[in-house]
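**Q** Quick one: the structure is below, questions incoming.
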Amino acid sequence: VSGLIVGAVLVRHHLKLNALRHPDFKIVGCNVHHQIAMMDRLVGFHSRNPFFSFMPLTVTHTVKATCRALKELGGPDLEQPCMDFIKQGGHLDIRADAKVVGMYGGHSGPSREAARRYDETGVVYDYNSSSSKEK
């Protein structure tokens, strides 16, 4: 999720490409740990609460660390636009609802059904050979 945020902001703000600008554009992630999901529901652990931005493995910490590394390597300073994207844009949805998040590393009922349906119809495209292969 963090890489998608930095990439989207890079495309929109630095490269000024007319991409990823639809009003309904949203990056959707899902917690994989049920207790972190509970913290996300209660206090906005990953993105809504600035108190947790110091904590590694939160979305805000990872985005800030990535932006700082990019800037140190001579790239653009994207930290503030990334924080705006996370906090104000309505473009980020970290799923934390108990119906979707299973026990750590496992599926919930709805996510297991979504995975099963994807596995039935999913296709992998090999763009080097212009062919598609079933999973």
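We label chains A, B, ... in the order they appear in the structure tokens, count residues from 1 in each chain, and number ligands from 1 in the order shown.
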If you count only C-alpha atoms, which residues fall within 10 Å of Leu92 (chain A), apart from same-chain ones fewer than 6 positions away, as a ChimeraX atom specification?

**A** /A:1,5,25-29,47,85-86

**Q** Identify, on the basis of only C-alpha atoms, every residue whose closest approach to region 32-45 of chain A does not exceed 9 Å; exclude the query and any residue fewer than 6 positions from it along the same chain; express the result as a CSV table (one decimal) with N, CA and C atoms, in the first residue's frame.

**A**
chain,number,residue,atom,x,y,z
A,51,PHE,N,-0.1,10.1,15.9
A,51,PHE,CA,0.7,9.5,17.0
A,51,PHE,C,1.5,8.3,16.5
A,52,PHE,N,0.9,7.5,15.7
A,52,PHE,CA,1.6,6.2,15.3
A,52,PHE,C,2.5,6.3,14.1
A,53,SER,N,2.7,7.5,13.6
A,53,SER,CA,3.6,7.6,12.4
A,53,SER,C,5.1,7.3,12.7
A,58,THR,N,3.7,0.8,10.0
A,58,THR,CA,2.4,1.5,9.7
A,58,THR,C,2.5,2.2,8.4
A,59,VAL,N,1.4,2.4,7.7
A,59,VAL,CA,1.4,3.0,6.4
A,59,VAL,C,2.1,4.4,6.5
A,94,ILE,N,-8.0,1.5,4.2
A,94,ILE,CA,-7.4,0.4,4.8
A,94,ILE,C,-8.5,-0.4,5.5
A,95,ARG,N,-8.8,-1.6,4.9
A,95,ARG,CA,-9.9,-2.3,5.5
A,95,ARG,C,-9.5,-2.9,6.8
A,96,ALA,N,-10.4,-2.7,7.8
A,96,ALA,CA,-10.1,-3.2,9.2
A,96,ALA,C,-11.3,-3.9,9.8
A,97,ASP,N,-12.4,-4.0,9.0
A,97,ASP,CA,-13.6,-4.5,9.6
A,97,ASP,C,-13.4,-6.0,9.8
A,98,ALA,N,-14.0,-6.4,11.0
A,98,ALA,CA,-13.8,-7.8,11.4
A,98,ALA,C,-14.3,-8.8,10.5
A,101,VAL,N,-11.2,-9.1,7.9
A,101,VAL,CA,-9.9,-9.4,8.4
A,101,VAL,C,-10.0,-10.7,9.2
A,102,GLY,N,-9.2,-11.7,8.8
A,102,GLY,CA,-9.2,-13.0,9.5
A,102,GLY,C,-8.2,-13.0,10.6
A,103,MET,N,-8.0,-14.2,11.2
A,103,MET,CA,-6.9,-14.3,12.2
A,103,MET,C,-5.6,-14.1,11.5
A,104,TYR,N,-4.6,-13.7,12.1
A,104,TYR,CA,-3.3,-13.4,11.5
A,104,TYR,C,-2.9,-14.4,10.4
A,105,GLY,N,-2.8,-13.9,9.2
A,105,GLY,CA,-2.3,-14.8,8.1
A,105,GLY,C,-3.4,-15.6,7.5
A,106,GLY,N,-4.6,-15.6,8.0
A,106,GLY,CA,-5.7,-16.5,7.5
A,106,GLY,C,-6.8,-15.7,6.9
A,107,HIS,N,-7.6,-16.4,6.2
A,107,HIS,CA,-8.8,-15.7,5.6
A,107,HIS,C,-9.9,-15.6,6.5

**Q** To one decimal in Å, tell me the separation between CA of Ser2 (chain A) and CA of Arg48 (chain A).

**A**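 About the pair CA of Ser2 (chain A) and CA of Arg48 (chain A): they are 14.2 Å apart.
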
**Q** Skipping near chain neighbours, those fewer than 3 positions away, what residues fall within 9 Å of region 71-84 of chain A using only C-alpha atoms, listed as a tab-separated table (two decimals) with C-alpha atoms, in the first residue's frame?

**A**
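Result file is out_5.tsv:
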chain	number	residue	atom	x	y	z
A	5	ILE	CA	0.70	5.75	-2.40
A	6	VAL	CA	4.19	7.05	-3.21
A	8	ALA	CA	0.44	7.62	-7.24
A	9	VAL	CA	1.71	10.86	-5.73
A	10	LEU	CA	4.85	10.73	-7.88
A	13	HIS	CA	2.47	15.73	-8.39
A	14	HIS	CA	5.98	15.34	-9.73
A	47	SER	CA	-3.18	6.32	8.65
A	60	THR	CA	2.38	6.57	7.48
A	63	VAL	CA	5.51	6.32	3.36
A	64	LYS	CA	7.51	8.94	5.29
A	65	ALA	CA	10.64	6.74	5.34
A	66	THR	CA	10.31	6.08	1.61
A	67	CYS	CA	9.88	9.78	0.82
A	68	ARG	CA	12.92	10.69	2.90
A	87	LYS	CA	-5.19	12.15	5.31
A	88	GLN	CA	-7.29	14.47	3.18
A	89	GLY	CA	-7.90	13.01	-0.23

**Q** For CA of Cys30 (chain A) and CA of Gly122 (chain A), determine how far apart the two atoms are, in Å to one decimal place.

**A**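 Result for CA of Cys30 (chain A) versus CA of Gly122 (chain A): 19.8 Å, one decimal.
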
**Q** Can you check which residues of chain A DSSP gives as strand (DSSP E or B) on the backbone and send them as a PyMOL selection string?

**A** chain A and resi 27-30+92-95+101+107+123-126+131-134

**Q** Expressed in Å to a single decimal, how great is the separation between CA of Val123 (chain A) and CA of His22 (chain A)?

**A**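 So the two atoms, CA of Val123 (chain A) and CA of His22 (chain A), lie 26.1 Å apart.
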
**Q** From a DSSP calculation on the backbone, collect every residue of region 50-118 of chain A in alpha helix (DSSP H) and output the set as a PyMOL selection string.

**A** chain A and resi 59-72+79-87+109-118

**Q** So which one's closest to His91 (chain A), A:Asp24, A:Pro50, A:Leu4, A:Arg12? Using only C-alpha atoms, please.

**A**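 Using only C-alpha atoms, the shortest distance to His91 (chain A) belongs to A:Asp24.
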